[in-house]
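Dumped start08.csv below, it's CSV, C-alpha atoms:
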chain,number,residue,atom,x,y,z
A,288,MET,CA,99.4,140.8,204.3
A,289,GLN,CA,96.6,138.6,203.0
A,290,ASN,CA,94.4,136.7,205.5
A,291,PRO,CA,95.6,133.0,205.4
A,292,LEU,CA,92.1,131.8,205.8
A,293,LYS,CA,90.9,133.9,202.8
A,294,VAL,CA,93.8,132.6,200.7
A,295,LYS,CA,93.0,129.1,201.6
A,296,LEU,CA,89.3,129.6,200.7
A,297,ASN,CA,90.3,131.2,197.3
A,298,MET,CA,92.5,128.2,196.5
A,299,LYS,CA,89.7,125.8,197.4
A,300,ASN,CA,87.2,127.7,195.2
A,301,LYS,CA,89.7,127.6,192.3
A,302,ARG,CA,90.1,123.8,192.7
A,303,THR,CA,86.4,123.4,192.9
A,304,LYS,CA,85.9,125.4,189.7
A,305,ILE,CA,88.6,123.4,187.9
A,306,PHE,CA,87.0,120.2,189.0
A,307,ILE,CA,83.5,121.3,187.8
A,308,LEU,CA,85.0,122.4,184.5
A,309,LEU,CA,86.8,119.1,184.0
A,310,THR,CA,83.7,117.1,184.9
A,311,ALA,CA,81.7,119.1,182.4
A,312,ILE,CA,84.2,118.5,179.7
A,313,PHE,CA,84.3,114.8,180.4
A,314,THR,CA,80.5,114.5,180.5
A,315,LEU,CA,80.2,116.5,177.2
A,316,SER,CA,82.8,114.2,175.6
A,317,ILE,CA,80.9,111.1,176.6
A,318,ILE,CA,77.6,112.5,175.4
A,319,THR,CA,79.0,113.6,172.0
A,320,THR,CA,80.8,110.3,171.5
A,321,PHE,CA,77.6,108.5,172.3
A,322,ILE,CA,75.6,110.6,169.8
A,323,GLY,CA,78.3,110.2,167.2
A,324,CYS,CA,78.4,106.4,167.6
A,325,THR,CA,74.7,106.1,167.6
A,326,VAL,CA,74.0,108.3,164.6
A,327,MET,CA,76.8,106.9,162.4
A,328,GLY,CA,75.9,103.4,163.5
A,329,ASN,CA,72.6,103.8,161.8
A,330,TYR,CA,74.1,104.7,158.4
A,331,GLU,CA,74.6,102.3,155.5
A,332,SER,CA,78.2,101.5,154.5
A,333,ALA,CA,79.1,101.7,150.9
A,334,TYR,CA,81.9,99.2,151.4
A,335,LYS,CA,83.8,97.4,154.1
A,336,MET,CA,86.1,99.5,156.4
A,337,THR,CA,89.8,98.7,156.6
A,338,ASP,CA,91.0,98.2,160.2
A,339,ALA,CA,93.3,100.8,161.7
A,340,GLY,CA,97.0,99.9,161.1
A,341,ASN,CA,96.2,97.6,158.1
A,342,VAL,CA,97.1,98.0,154.5
A,343,GLU,CA,95.0,95.9,152.1
A,344,VAL,CA,93.8,95.6,148.5
A,345,LYS,CA,90.1,95.7,148.1
A,346,LYS,CA,87.4,96.3,145.5
A,347,ILE,CA,85.0,99.2,145.7
A,348,PRO,CA,81.7,98.3,144.1
A,349,GLU,CA,80.1,100.2,141.2
A,350,SER,CA,78.5,103.2,142.8
A,351,THR,CA,76.5,106.4,142.3
A,352,VAL,CA,78.1,109.3,144.1
A,353,LEU,CA,77.3,113.0,144.7
A,354,GLN,CA,80.4,115.1,144.2
A,355,THR,CA,81.2,118.8,144.8
A,356,SER,CA,84.4,120.7,144.5
A,357,ALA,CA,85.8,124.2,144.9
A,358,LYS,CA,89.0,126.1,144.0
A,359,GLY,CA,91.7,125.8,146.6
A,360,GLU,CA,92.9,123.3,149.1
A,361,TYR,CA,90.6,120.8,150.8
A,362,TYR,CA,91.2,121.8,154.4
A,363,ASP,CA,90.3,125.4,153.7
A,364,LYS,CA,87.0,124.4,152.0
A,365,ALA,CA,85.9,121.2,153.9
A,366,ASN,CA,83.0,122.7,155.8
A,367,ASN,CA,81.5,124.4,152.8
A,368,LEU,CA,81.8,121.2,150.7
A,369,PHE,CA,80.1,119.2,153.4
A,370,ILE,CA,77.2,121.6,153.7
A,371,LYS,CA,76.6,121.6,149.9
A,372,LEU,CA,76.3,117.8,149.8
A,373,PHE,CA,74.3,117.6,153.0
A,374,ASN,CA,71.8,120.1,151.7
A,375,TYR,CA,71.5,118.1,148.5
A,376,ILE,CA,70.7,114.8,150.2
A,377,LYS,CA,68.3,116.6,152.5
A,378,THR,CA,66.4,118.2,149.6
A,379,ASN,CA,66.3,114.9,147.7
A,380,GLN,CA,65.5,112.8,150.7
A,381,ILE,CA,68.6,110.6,150.3
A,382,PRO,CA,69.7,108.8,153.5
A,383,MET,CA,73.2,109.6,154.6
A,384,THR,CA,75.8,106.9,153.7
A,385,ILE,CA,79.3,106.3,155.1
A,386,PRO,CA,82.1,106.8,154.4
A,387,VAL,CA,82.6,110.3,153.1
A,388,GLU,CA,85.5,110.7,150.6
A,389,SER,CA,87.5,113.7,149.8
A,390,GLY,CA,90.5,115.0,148.0
A,391,ILE,CA,93.7,115.2,150.0
A,392,LYS,CA,95.0,118.5,148.6
A,393,ASP,CA,92.3,119.6,146.1
A,394,ALA,CA,89.0,120.8,147.5
A,395,GLU,CA,86.7,117.9,146.5
A,396,MET,CA,84.2,115.8,148.5
A,397,ARG,CA,81.7,113.0,147.7
A,398,PHE,CA,78.8,111.2,149.3
A,399,TYR,CA,77.6,107.8,148.2
A,400,VAL,CA,74.0,107.3,147.2
A,401,THR,CA,72.4,104.6,149.4
A,402,ALA,CA,71.6,101.3,147.7
A,403,SER,CA,67.8,101.8,148.1
A,404,LYS,CA,68.1,104.9,145.9
A,405,LYS,CA,70.5,103.7,143.3
A,406,ASP,CA,67.9,103.2,140.6
A,407,GLU,CA,66.4,106.7,141.1
A,408,THR,CA,67.4,109.6,138.9
A,409,PHE,CA,69.0,112.6,140.5
A,410,LYS,CA,69.9,115.8,138.7
A,411,ASP,CA,73.1,117.8,138.8
A,412,THR,CA,73.0,121.3,140.3
A,413,ASP,CA,75.4,124.2,140.0
A,414,SER,CA,77.4,122.8,143.0
A,415,VAL,CA,76.7,119.1,143.1
A,416,LYS,CA,77.3,116.5,140.3
A,417,VAL,CA,75.8,113.1,140.2
A,418,LEU,CA,78.4,110.5,138.9
A,419,LYS,CA,78.4,106.8,138.2
A,420,ILE,CA,81.7,105.2,139.2
A,421,PRO,CA,82.5,101.7,137.9
A,422,GLU,CA,84.0,99.0,140.2
A,423,ARG,CA,87.6,99.8,141.1
A,424,THR,CA,90.5,98.3,142.9
A,425,VAL,CA,92.3,100.3,145.6
A,426,VAL,CA,95.0,99.7,148.1
A,427,ALA,CA,93.7,101.1,151.5
A,428,ALA,CA,95.6,102.2,154.6
A,429,GLY,CA,93.4,102.4,157.7
A,430,GLY,CA,94.1,104.7,160.6
A,431,ARG,CA,92.6,106.0,163.9
A,432,GLY,CA,92.7,109.6,165.1
A,433,SER,CA,91.9,113.1,164.0
A,434,TYR,CA,91.2,113.8,160.4
A,435,SER,CA,94.2,116.1,160.3
A,436,GLU,CA,96.3,116.8,157.2
A,437,SER,CA,99.3,115.2,158.8
A,438,ASN,CA,97.5,111.9,159.6
A,439,ILE,CA,96.1,111.7,156.1
A,440,ASN,CA,99.5,112.4,154.6
A,441,ASP,CA,101.2,109.7,156.8
A,442,ALA,CA,98.7,107.1,155.6
A,443,LYS,CA,99.3,108.3,152.0
A,444,LYS,CA,103.1,107.7,152.5
A,445,LYS,CA,102.3,104.1,153.7
A,446,LEU,CA,100.5,103.5,150.4
A,447,PHE,CA,103.5,104.6,148.3
A,448,THR,CA,105.8,102.4,150.5
A,449,TRP,CA,103.4,99.5,150.0
A,450,LEU,CA,103.3,100.1,146.2
A,451,SER,CA,107.1,100.0,146.0
A,452,GLU,CA,107.1,96.6,147.7
A,453,HIS,CA,104.4,95.1,145.5
A,454,PRO,CA,105.5,95.3,141.8
A,455,GLU,CA,102.5,93.3,140.7
A,456,TYR,CA,100.5,96.5,141.1
A,457,GLU,CA,100.8,100.0,139.7
A,458,GLN,CA,99.1,103.3,140.6
A,459,ASP,CA,95.9,103.9,138.6
A,460,GLY,CA,94.7,107.2,140.1
A,461,GLU,CA,95.3,109.9,142.7
A,462,PRO,CA,95.1,108.9,146.4
A,463,TYR,CA,92.0,110.2,148.3
A,464,ALA,CA,90.9,110.4,151.9
A,465,VAL,CA,88.0,108.4,153.5
A,466,TYR,CA,86.2,109.4,156.7
A,467,TRP,CA,84.0,107.0,158.6
A,468,ASN,CA,82.8,108.9,161.7
A,469,SER,CA,80.7,111.8,162.8
A,470,PRO,CA,82.4,115.0,163.7
A,471,PHE,CA,80.8,114.6,167.1
A,472,ARG,CA,83.1,111.6,167.9
A,473,LEU,CA,86.2,112.2,170.0
A,474,TRP,CA,89.3,112.6,167.9
A,475,PHE,CA,91.1,109.4,169.2
A,476,LEU,CA,88.1,107.3,168.3
A,477,LYS,CA,87.7,108.5,164.7
A,478,HIS,CA,88.5,106.1,161.9
A,479,TYR,CA,89.9,107.1,158.5
A,480,GLU,CA,91.5,105.6,155.5
A,481,VAL,CA,93.5,106.7,152.5
A,482,HIS,CA,92.9,104.9,149.2
A,483,MET,CA,95.1,104.7,146.1
A,484,PRO,CA,93.5,103.3,142.9
A,485,VAL,CA,95.7,100.5,141.5
A,486,ARG,CA,95.6,97.9,138.8
A,487,GLY,CA,97.4,94.6,138.5
A,488,ILE,CA,100.1,94.5,135.8
A,489,ASN,CA,100.7,90.7,135.8
A,490,ARG,CA,99.1,87.4,136.8
A,491,LEU,CA,100.7,87.6,140.3
A,492,ALA,CA,98.2,90.3,141.3
A,493,PRO,CA,95.3,88.7,143.2
A,494,GLY,CA,91.9,88.9,141.6
A,495,LEU,CA,93.1,89.1,138.0
Hey, can you dump this file as structure tokens for me?
Amino acid sequence: MQNPLKVKLNMKNKRTKIFILLTAIFTLSIITTFIGCTVMGNYESAYKMTDAGNVEVKKIPESTVLQTSAKGEYYDKANNLFIKLFNYIKTNQIPMTIPVESGIKDAEMRFYVTASKKDETFKDTDSVKVLKIPERTVVAAGGRGSYSESNINDAKKKLFTWLSEHPEYEQDGEPYAVYWNSPFRLWFLKHYEVHMPVRGINRLAPGL
């Protein structure tokens, strides 16, 4: 039979360890969130963010982007795509710009070139292409939470629902995902969007 005092001490030790572990996790979460907010807060935005829960039509200005791609699905290749682009901007001394855009199914990712570097000439590499994208109109669905495939697909569905309710617009390209925050940020504080390129098909469409 176990000593009651020993059992009580063991239980107390377990509770203490659990408390220390939870405290450490909480502290780490606060620190990484602070780092994520501070770092991303210093980045230039390529365009205005759409608030979580909103669906809106907006124009994306003419831009220079750095794009990389790979065979396969995006969620299988995301880290490798990011590293290729990050190494390119580091080598060419291009400041990081938000947001980061990606394919939803196909493995593709792009960074925006900051406005201060837009008149400079950058060369393609075997893995990164420099592209000029003209001004375009998109309908955007904003969301908050993890950058999971299910969240992105839910936002994509909202866009198709919106499109069915607005006959003054028609789809003009494939939807893509938009990520606004550092990977250091806690999942429930991350902001994302899904964009669908659209065009107005009659005079009822705003901005025509």
Check: Out of A:Asn379, A:Thr424, A:Thr412, A:Ser389, which residue has the shortest atom-to-atom distance to Pro348 (chain A) when counting all atoms listed in the file?
Finding: A:Thr424
Check: Neighbours of Phe369 (chain A) within 9 Å (only C-alpha atoms; same-chain residues fewer than 5 positions away dropped), as a PyMOL selection string?
Finding: chain A and resi 355+364+374+396-397
Notebook entry, point to check: Between A:Ile439, A:Ala464, A:Val342, A:Ala333, which one has atoms that come closest to Ala402 (chain A), using only C-alpha atoms?
Noted result: A:Ala333
Note to self: Residues near Ser437 (chain A), anyone? I mean within 12 Å using only C-alpha atoms, not counting same-chain ones fewer than 5 positions away, as an MDAnalysis selection string.
What the structure shows: chainID A and resid 362 391:392 430 432 442:444 464
Notebook entry, point to check: In file coordinates, which residues lie within 12 Å of (74.6, 119.3, 139.1) using only C-alpha atoms, given as a list in words?
Noted result: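 The residues that fall inside the cut-off are Val352, Leu353, Gln354, Thr355, Ser356, Lys371, Leu372, Tyr375, Phe409, Lys410, Asp411, Thr412, Asp413, Ser414, Val415, Lys416, Val417 and Leu418 of chain A.
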Can I get the selected residues back with C-alpha atoms, as a JSON list (two decimals), in the frame of the given file?
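Output file out-v4.json follows:
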[["chain", "number", "residue", "atom", "x", "y", "z"],
["A", 352, "VAL", "CA", 78.10, 109.30, 144.10],
["A", 353, "LEU", "CA", 77.30, 113.00, 144.70],
["A", 354, "GLN", "CA", 80.40, 115.10, 144.20],
["A", 355, "THR", "CA", 81.20, 118.80, 144.80],
["A", 356, "SER", "CA", 84.40, 120.70, 144.50],
["A", 371, "LYS", "CA", 76.60, 121.60, 149.90],
["A", 372, "LEU", "CA", 76.30, 117.80, 149.80],
["A", 375, "TYR", "CA", 71.50, 118.10, 148.50],
["A", 409, "PHE", "CA", 69.00, 112.60, 140.50],
["A", 410, "LYS", "CA", 69.90, 115.80, 138.70],
["A", 411, "ASP", "CA", 73.10, 117.80, 138.80],
["A", 412, "THR", "CA", 73.00, 121.30, 140.30],
["A", 413, "ASP", "CA", 75.40, 124.20, 140.00],
["A", 414, "SER", "CA", 77.40, 122.80, 143.00],
["A", 415, "VAL", "CA", 76.70, 119.10, 143.10],
["A", 416, "LYS", "CA", 77.30, 116.50, 140.30],
["A", 417, "VAL", "CA", 75.80, 113.10, 140.20],
["A", 418, "LEU", "CA", 78.40, 110.50, 138.90]]
Margin query: Nearest residue to Pro462 (chain A) out of A:Ala427, A:Glu343, A:Leu476, A:Ser435, using all atoms listed in the file?
Written below: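 Residue with the minimum atom-to-atom distance to Pro462 (chain A): A:Ala427.
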Check: How many Å lie between CA of Lys405 (chain A) and CA of Asp338 (chain A), rounded to one decimal?
Finding: 27.1 Å
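If you measure from each of A:Phe373, A:Glu360, A:Ile381, A:Glu407 to Asp393 (chain A) using only C-alpha atoms, the closest one turns out to be A:Glu360.
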Margin query: Which residue is closest to Thr337 (chain A)? Choose from A:Glu349, A:His482, A:Ile376, A:Leu473 and count only C-alpha atoms.
Written below: A:His482
Next item on the list: Mind giving me the straight-line distance from CA of Trp467 (chain A) to CA of Glu455 (chain A) in Å, one decimal?
Entry: 29.2 Å
Write out as an mmCIF file with C-alpha atoms, keeping the file's coordinate frame the residues lying within 12 Å of Pro386 (chain A), counting all atoms listed in the file and excluding same-chain residues fewer than 4 positions away.
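Saved to around-v2.cif:
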data_model
loop_
_atom_site.group_PDB
_atom_site.id
_atom_site.type_symbol
_atom_site.label_atom_id
_atom_site.label_comp_id
_atom_site.auth_asym_id
_atom_site.auth_seq_id
_atom_site.Cartn_x
_atom_site.Cartn_y
_atom_site.Cartn_z
ATOM 1 C CA MET A 327 76.800 106.900 162.400
ATOM 2 C CA GLY A 328 75.900 103.400 163.500
ATOM 3 C CA TYR A 330 74.100 104.700 158.400
ATOM 4 C CA GLU A 331 74.600 102.300 155.500
ATOM 5 C CA SER A 332 78.200 101.500 154.500
ATOM 6 C CA ALA A 333 79.100 101.700 150.900
ATOM 7 C CA TYR A 334 81.900 99.200 151.400
ATOM 8 C CA LYS A 335 83.800 97.400 154.100
ATOM 9 C CA MET A 336 86.100 99.500 156.400
ATOM 10 C CA THR A 337 89.800 98.700 156.600
ATOM 11 C CA ILE A 347 85.000 99.200 145.700
ATOM 12 C CA VAL A 352 78.100 109.300 144.100
ATOM 13 C CA MET A 396 84.200 115.800 148.500
ATOM 14 C CA ARG A 397 81.700 113.000 147.700
ATOM 15 C CA PHE A 398 78.800 111.200 149.300
ATOM 16 C CA TYR A 399 77.600 107.800 148.200
ATOM 17 C CA VAL A 400 74.000 107.300 147.200
ATOM 18 C CA THR A 401 72.400 104.600 149.400
ATOM 19 C CA ALA A 464 90.900 110.400 151.900
ATOM 20 C CA VAL A 465 88.000 108.400 153.500
ATOM 21 C CA TYR A 466 86.200 109.400 156.700
ATOM 22 C CA TRP A 467 84.000 107.000 158.600
ATOM 23 C CA ASN A 468 82.800 108.900 161.700
ATOM 24 C CA SER A 469 80.700 111.800 162.800
ATOM 25 C CA LYS A 477 87.700 108.500 164.700
ATOM 26 C CA HIS A 478 88.500 106.100 161.900
ATOM 27 C CA TYR A 479 89.900 107.100 158.500
ATOM 28 C CA GLU A 480 91.500 105.600 155.500
ATOM 29 C CA VAL A 481 93.500 106.700 152.500
#
Next item on the list: Would you work out the distance separating CA of Pro484 (chain A) from CA of Asp459 (chain A), expressed in Å to one decimal?
Entry: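 That distance, rounded to one decimal, is 5.0 Å.
Remark: for Pro454 (chain A), the closest of the candidate residues A:Ala428, A:Ile488, A:Ile370, A:Val344 is A:Ile488 (distances computed over all atoms listed in the file).
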Notebook entry, point to check: Residues at most 9 Å from Trp474 (chain A), counting only C-alpha atoms, excluding those fewer than 6 positions away in the same chain, as a list in words?
Noted result: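 Everything that qualifies: Arg431, Gly432, Ser433 and Tyr434 of chain A.
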